[in-house]
Amino acid sequence: MNTYDALSLFSGGLDSILATKLMIAHGHKVLGLHFVSPFFGKPEKVAFWQREYGIPVEVIDVGQEFVDLMAAFPPHGFGKVLNPCVDCKILMLRRAKELLAAHGASFIISGEVLGQRPMSQRADTLNIIRNDADVRDVLLRPLSAGLLPPTPMEESGLVDRSRLSSLCGRGRKGQYALAKALGVTTIPTQAGGCRLGERESARRYWPILRHFPRPLAHYFDLANVGRQLWRREGGQWLSMGREHKDNEKLLKLARPEHYVFVLKSFPGPHAVGCPEPGKDWTEGELAEAAACLASYSPKARKSAEAVEVIVTRNGMDRVIAVHADDPHGFVDNLTWPETRAAQKEWEKSLAG
Ligand code: SF4
């Protein structure tokens with residue numbers, strides 16, 4: 001197994017590339033750790049990062065750990081949407097610290113830039129993150145190191161402090177200059193890193209967090225696809241395709257314990273019903289879900305005949321006959337303002 005001098009929190013964003021490249025340029029052997037969950041991560045880019053930047057990257061799945069953190073309400077709260085950035089950083093640093101010994105590495109690199117983000121990169125927050133993750137002695141932030149107190153790695157001479165950067169603030173000029181100096185010519189786009197900062201995604205995730213006593217990471221993979229419908233009474237949840245490729249994704253994500261709904265004789269969406277563990281859906285709830293599915297098929301809606309819906313679970317198929325205009329209680333999930341208000345209520349109830 002290869003050994004390294006340092007492990008780097010490597011999101012694939014410009015800051016993580018620069019922090020890692022800077023240390024490599026100083027002669028350190030660095031392994032990037034790319035954390036993935038249903039909310040963030042691009043594991044398909046590992047080969048590209050190695051090829052383009054010469055950075056070896058290992059993928060670390062923190063999906064369930066992250067979901068558990070969200071479901072318990074993150075101790076440092078959420079940002080502007082459903083992003084628990086401070087606790088996210090703490091979680092990743094803790095995990096990186098656990099991995100140091102296995103890789104023979106002695107310190108961790110993070111591409112945080114002082115003052116770049118309002119929630120997680122203020123000076124006080126950087127301290128909280130470092131202390132709560134218990135990485136005070138092993139964490140180096142090379143991009144802002146000149147503005148931060150020296151770390152043990154700098155004090156011992158392991159890392160040359162005089163060659164580290166002093167970037168701060170939201171501007172990107174310093175990063176572009178450093179990229180040029182390091183020969184980084186492919187600059188990744190800034191946007192689109194984390195779904196937890198997107199309102200539309202937050203609307204999808206919120207009901208799962210509030211409804212399931214112990215949500216599982218794969219529920220959020222399902223919620224990333226198509227439209228999300230919840231039954232007003234009882235809270236049954238259907239993830240339904242909007243287009244062909246959603247249907248294919250849903251079929252791939254479905255697990256034996258899920259209900260898979262497919263129209264037998266009409267084109268239309270597929271849907272996956274995700275029951276709460278130990279709570280099978282009743283016949284009435286299954287029929288409502290089938291009617292809901294049929295109502296989204298224009299051809300099924302025009303049919304005067306009953307519409308057959310195949311329902312598969314645990315490898316067994318059955319057919320439920322419904323009409324596309326049968327009443328059902330499935331509705332779209334909350335709007336963003338409703339979601340935000342509910343999030344605030346949750347926070348208040350915990351504080352009280
Ligand atoms: S934006 Fe997402 S991935 Fe980044 S720190 Fe915040 S929660 Fe974590």
# chains A, B, ... in the order shown; residues from 1 in each chain; ligands from 1
>>> closest_atom_pairs(of="chain A", to="ligand 1", cutoff="8 Å", atoms="only C-alpha atoms and all ligand atoms", output="Markdown table")
| residue | atom | partner | partner_atom_place_in_ligand_line | distance |
| --- | --- | --- | --- | --- |
| A:Ser11 | CA | ligand 1 | 3 (S) | 7.9 |
| A:Phe39 | CA | ligand 1 | 2 (Fe) | 7.2 |
| A:Phe40 | CA | ligand 1 | 3 (S) | 5.9 |
| A:Gly79 | CA | ligand 1 | 6 (Fe) | 7.9 |
| A:Leu82 | CA | ligand 1 | 7 (S) | 7.8 |
| A:Asn83 | CA | ligand 1 | 7 (S) | 4.4 |
| A:Pro84 | CA | ligand 1 | 7 (S) | 4.9 |
| A:Cys85 | CA | ligand 1 | 6 (Fe) | 3.4 |
| A:Val86 | CA | ligand 1 | 5 (S) | 6.6 |
| A:Asp87 | CA | ligand 1 | 8 (Fe) | 7.8 |
| A:Cys88 | CA | ligand 1 | 8 (Fe) | 4.6 |
| A:Lys89 | CA | ligand 1 | 5 (S) | 5.7 |
| A:Ser120 | CA | ligand 1 | 5 (S) | 7.3 |
| A:Gly193 | CA | ligand 1 | 1 (S) | 6.9 |
| A:Cys194 | CA | ligand 1 | 2 (Fe) | 4.6 |
| A:Arg195 | CA | ligand 1 | 2 (Fe) | 6.9 |
| A:Leu196 | CA | ligand 1 | 2 (Fe) | 5.7 |
| A:Gly197 | CA | ligand 1 | 1 (S) | 6.1 |
>>> residues_around(residues="Pro269 (chain A)", least_positions_apart="2", cutoff="7 Å", atoms="only C-alpha atoms", output="NGL selection string")
:A and (240-243 or 247 or 271 or 293 or 296-297)
>>> closest_residue(among="A:Leu22, A:Leu229, A:Ile60, A:Ala351", to="Pro75 (chain A)", atoms="only C-alpha atoms")
A:Ala351
>>> select_by_dssp(residues="region 50-295 of chain A", states="alpha helix (DSSP H)", output="ChimeraX atom specification")
/A:50-53,63-71,85-100,123-132,152-155,173-182,199-211,217-223,244-253,283-295
>>> atom_distance(atom1="CA of Phe220 (chain A)", atom2="CA of Glu65 (chain A)")
13.0 Å
>>> residues_around(residues="Glu44 (chain A)", least_positions_apart="5", cutoff="12 Å", atoms="only C-alpha atoms", output="PyMOL selection string")
chain A and resi 12+34+36+49-50+57-59
>>> write_last_selection(atoms="all heavy atoms", output="tab-separated table (two decimals), in the first residue's frame")
chain	number	residue	atom	x	y	z
A	12	GLY	N	-12.55	18.64	-5.03
A	12	GLY	CA	-12.45	18.83	-6.49
A	12	GLY	C	-12.68	20.27	-6.88
A	12	GLY	O	-12.56	20.64	-8.04
A	34	HIS	N	-11.74	12.19	-1.12
A	34	HIS	CA	-12.95	12.78	-1.72
A	34	HIS	C	-14.17	12.16	-1.04
A	34	HIS	O	-14.47	10.98	-1.23
A	34	HIS	CB	-12.96	12.49	-3.22
A	34	HIS	CG	-14.10	13.13	-3.93
A	34	HIS	ND1	-14.24	14.50	-4.03
A	34	HIS	CD2	-15.20	12.60	-4.55
A	34	HIS	CE1	-15.34	14.79	-4.70
A	34	HIS	NE2	-15.95	13.65	-5.02
A	36	VAL	N	-18.00	11.38	-0.27
A	36	VAL	CA	-19.23	11.31	-1.07
A	36	VAL	C	-20.42	10.96	-0.17
A	36	VAL	O	-20.28	10.31	0.86
A	36	VAL	CB	-19.14	10.28	-2.22
A	36	VAL	CG1	-18.06	10.67	-3.21
A	36	VAL	CG2	-18.91	8.88	-1.71
A	49	TRP	N	-8.94	13.78	-12.08
A	49	TRP	CA	-8.11	14.55	-11.14
A	49	TRP	C	-6.66	14.05	-11.15
A	49	TRP	O	-5.73	14.82	-11.10
A	49	TRP	CB	-8.69	14.48	-9.72
A	49	TRP	CG	-9.97	15.22	-9.58
A	49	TRP	CD1	-10.31	16.41	-10.17
A	49	TRP	CD2	-11.13	14.84	-8.81
A	49	TRP	NE1	-11.58	16.79	-9.81
A	49	TRP	CE2	-12.11	15.85	-8.98
A	49	TRP	CE3	-11.43	13.75	-7.99
A	49	TRP	CZ2	-13.35	15.79	-8.35
A	49	TRP	CZ3	-12.66	13.69	-7.37
A	49	TRP	CH2	-13.62	14.70	-7.56
A	50	GLN	N	-6.52	12.74	-11.24
A	50	GLN	CA	-5.16	12.17	-11.27
A	50	GLN	C	-4.47	12.61	-12.58
A	50	GLN	O	-3.32	13.05	-12.56
A	50	GLN	CB	-5.28	10.63	-11.19
A	50	GLN	CG	-4.00	9.88	-11.47
A	50	GLN	CD	-3.03	9.90	-10.29
A	50	GLN	OE1	-3.31	9.37	-9.22
A	50	GLN	NE2	-1.85	10.53	-10.49
A	57	VAL	N	-6.48	10.30	-5.64
A	57	VAL	CA	-7.66	10.58	-4.81
A	57	VAL	C	-8.33	9.27	-4.39
A	57	VAL	O	-8.51	8.36	-5.22
A	57	VAL	CB	-8.68	11.45	-5.59
A	57	VAL	CG1	-9.96	11.65	-4.79
A	57	VAL	CG2	-8.07	12.81	-5.92
A	58	GLU	N	-8.68	9.19	-3.12
A	58	GLU	CA	-9.45	8.04	-2.63
A	58	GLU	C	-10.87	8.52	-2.27
A	58	GLU	O	-11.02	9.60	-1.69
A	58	GLU	CB	-8.75	7.47	-1.39
A	58	GLU	CG	-9.42	6.25	-0.81
A	58	GLU	CD	-8.59	5.63	0.32
A	58	GLU	OE1	-7.37	5.43	0.14
A	58	GLU	OE2	-9.18	5.38	1.38
A	59	VAL	N	-11.85	7.72	-2.63
A	59	VAL	CA	-13.24	8.10	-2.35
A	59	VAL	C	-13.66	7.54	-0.99
A	59	VAL	O	-13.45	6.36	-0.70
A	59	VAL	CB	-14.17	7.54	-3.46
A	59	VAL	CG1	-15.64	7.76	-3.12
A	59	VAL	CG2	-13.82	8.19	-4.79
>>> decode(residues="region 334-349 of chain A", atoms="N, CA, C and O atoms", output="PDB file, in the first residue's frame")
ATOM      1  N   LEU A 334     -43.530  20.133   0.403  1.00  0.00           N
ATOM      2  CA  LEU A 334     -43.687  21.541   0.795  1.00  0.00           C
ATOM      3  C   LEU A 334     -42.927  22.483  -0.141  1.00  0.00           C
ATOM      4  O   LEU A 334     -41.930  22.091  -0.740  1.00  0.00           O
ATOM      5  N   THR A 335     -43.383  23.715  -0.213  1.00  0.00           N
ATOM      6  CA  THR A 335     -42.625  24.734  -0.961  1.00  0.00           C
ATOM      7  C   THR A 335     -41.371  25.079  -0.149  1.00  0.00           C
ATOM      8  O   THR A 335     -41.268  24.722   1.033  1.00  0.00           O
ATOM      9  N   TRP A 336     -40.460  25.841  -0.767  1.00  0.00           N
ATOM     10  CA  TRP A 336     -39.253  26.222  -0.024  1.00  0.00           C
ATOM     11  C   TRP A 336     -39.581  27.075   1.210  1.00  0.00           C
ATOM     12  O   TRP A 336     -39.097  26.764   2.309  1.00  0.00           O
ATOM     13  N   PRO A 337     -40.412  28.124   1.108  1.00  0.00           N
ATOM     14  CA  PRO A 337     -40.701  28.897   2.334  1.00  0.00           C
ATOM     15  C   PRO A 337     -41.326  28.035   3.436  1.00  0.00           C
ATOM     16  O   PRO A 337     -41.006  28.206   4.618  1.00  0.00           O
ATOM     17  N   GLU A 338     -42.206  27.102   3.062  1.00  0.00           N
ATOM     18  CA  GLU A 338     -42.798  26.211   4.074  1.00  0.00           C
ATOM     19  C   GLU A 338     -41.725  25.320   4.704  1.00  0.00           C
ATOM     20  O   GLU A 338     -41.725  25.070   5.913  1.00  0.00           O
ATOM     21  N   THR A 339     -40.815  24.856   3.847  1.00  0.00           N
ATOM     22  CA  THR A 339     -39.734  24.004   4.350  1.00  0.00           C
ATOM     23  C   THR A 339     -38.869  24.777   5.338  1.00  0.00           C
ATOM     24  O   THR A 339     -38.539  24.298   6.425  1.00  0.00           O
ATOM     25  N   ARG A 340     -38.515  26.007   4.965  1.00  0.00           N
ATOM     26  CA  ARG A 340     -37.658  26.823   5.827  1.00  0.00           C
ATOM     27  C   ARG A 340     -38.349  27.105   7.160  1.00  0.00           C
ATOM     28  O   ARG A 340     -37.725  27.042   8.233  1.00  0.00           O
ATOM     29  N   ALA A 341     -39.657  27.414   7.086  1.00  0.00           N
ATOM     30  CA  ALA A 341     -40.398  27.700   8.321  1.00  0.00           C
ATOM     31  C   ALA A 341     -40.413  26.465   9.217  1.00  0.00           C
ATOM     32  O   ALA A 341     -40.217  26.561  10.438  1.00  0.00           O
ATOM     33  N   ALA A 342     -40.610  25.296   8.614  1.00  0.00           N
ATOM     34  CA  ALA A 342     -40.642  24.061   9.411  1.00  0.00           C
ATOM     35  C   ALA A 342     -39.272  23.779  10.027  1.00  0.00           C
ATOM     36  O   ALA A 342     -39.167  23.324  11.175  1.00  0.00           O
ATOM     37  N   GLN A 343     -38.242  24.090   9.266  1.00  0.00           N
ATOM     38  CA  GLN A 343     -36.867  23.896   9.758  1.00  0.00           C
ATOM     39  C   GLN A 343     -36.622  24.772  10.997  1.00  0.00           C
ATOM     40  O   GLN A 343     -36.056  24.332  11.992  1.00  0.00           O
ATOM     41  N   LYS A 344     -37.102  26.021  10.910  1.00  0.00           N
ATOM     42  CA  LYS A 344     -36.932  26.955  12.035  1.00  0.00           C
ATOM     43  C   LYS A 344     -37.706  26.456  13.264  1.00  0.00           C
ATOM     44  O   LYS A 344     -37.255  26.571  14.392  1.00  0.00           O
ATOM     45  N   GLU A 345     -38.919  25.944  13.004  1.00  0.00           N
ATOM     46  CA  GLU A 345     -39.737  25.398  14.106  1.00  0.00           C
ATOM     47  C   GLU A 345     -39.008  24.261  14.805  1.00  0.00           C
ATOM     48  O   GLU A 345     -39.001  24.149  16.023  1.00  0.00           O
ATOM     49  N   TRP A 346     -38.399  23.405  13.997  1.00  0.00           N
ATOM     50  CA  TRP A 346     -37.650  22.260  14.539  1.00  0.00           C
ATOM     51  C   TRP A 346     -36.527  22.769  15.440  1.00  0.00           C
ATOM     52  O   TRP A 346     -36.355  22.319  16.569  1.00  0.00           O
ATOM     53  N   GLU A 347     -35.830  23.764  14.929  1.00  0.00           N
ATOM     54  CA  GLU A 347     -34.712  24.333  15.686  1.00  0.00           C
ATOM     55  C   GLU A 347     -35.212  24.893  17.014  1.00  0.00           C
ATOM     56  O   GLU A 347     -34.617  24.673  18.060  1.00  0.00           O
ATOM     57  N   LYS A 348     -36.348  25.614  16.923  1.00  0.00           N
ATOM     58  CA  LYS A 348     -36.903  26.241  18.134  1.00  0.00           C
ATOM     59  C   LYS A 348     -37.304  25.176  19.141  1.00  0.00           C
ATOM     60  O   LYS A 348     -37.054  25.298  20.338  1.00  0.00           O
ATOM     61  N   SER A 349     -37.938  24.110  18.648  1.00  0.00           N
ATOM     62  CA  SER A 349     -38.416  23.072  19.560  1.00  0.00           C
ATOM     63  C   SER A 349     -37.231  22.404  20.276  1.00  0.00           C
ATOM     64  O   SER A 349     -37.334  22.007  21.430  1.00  0.00           O
TER      65      SER A 349
END
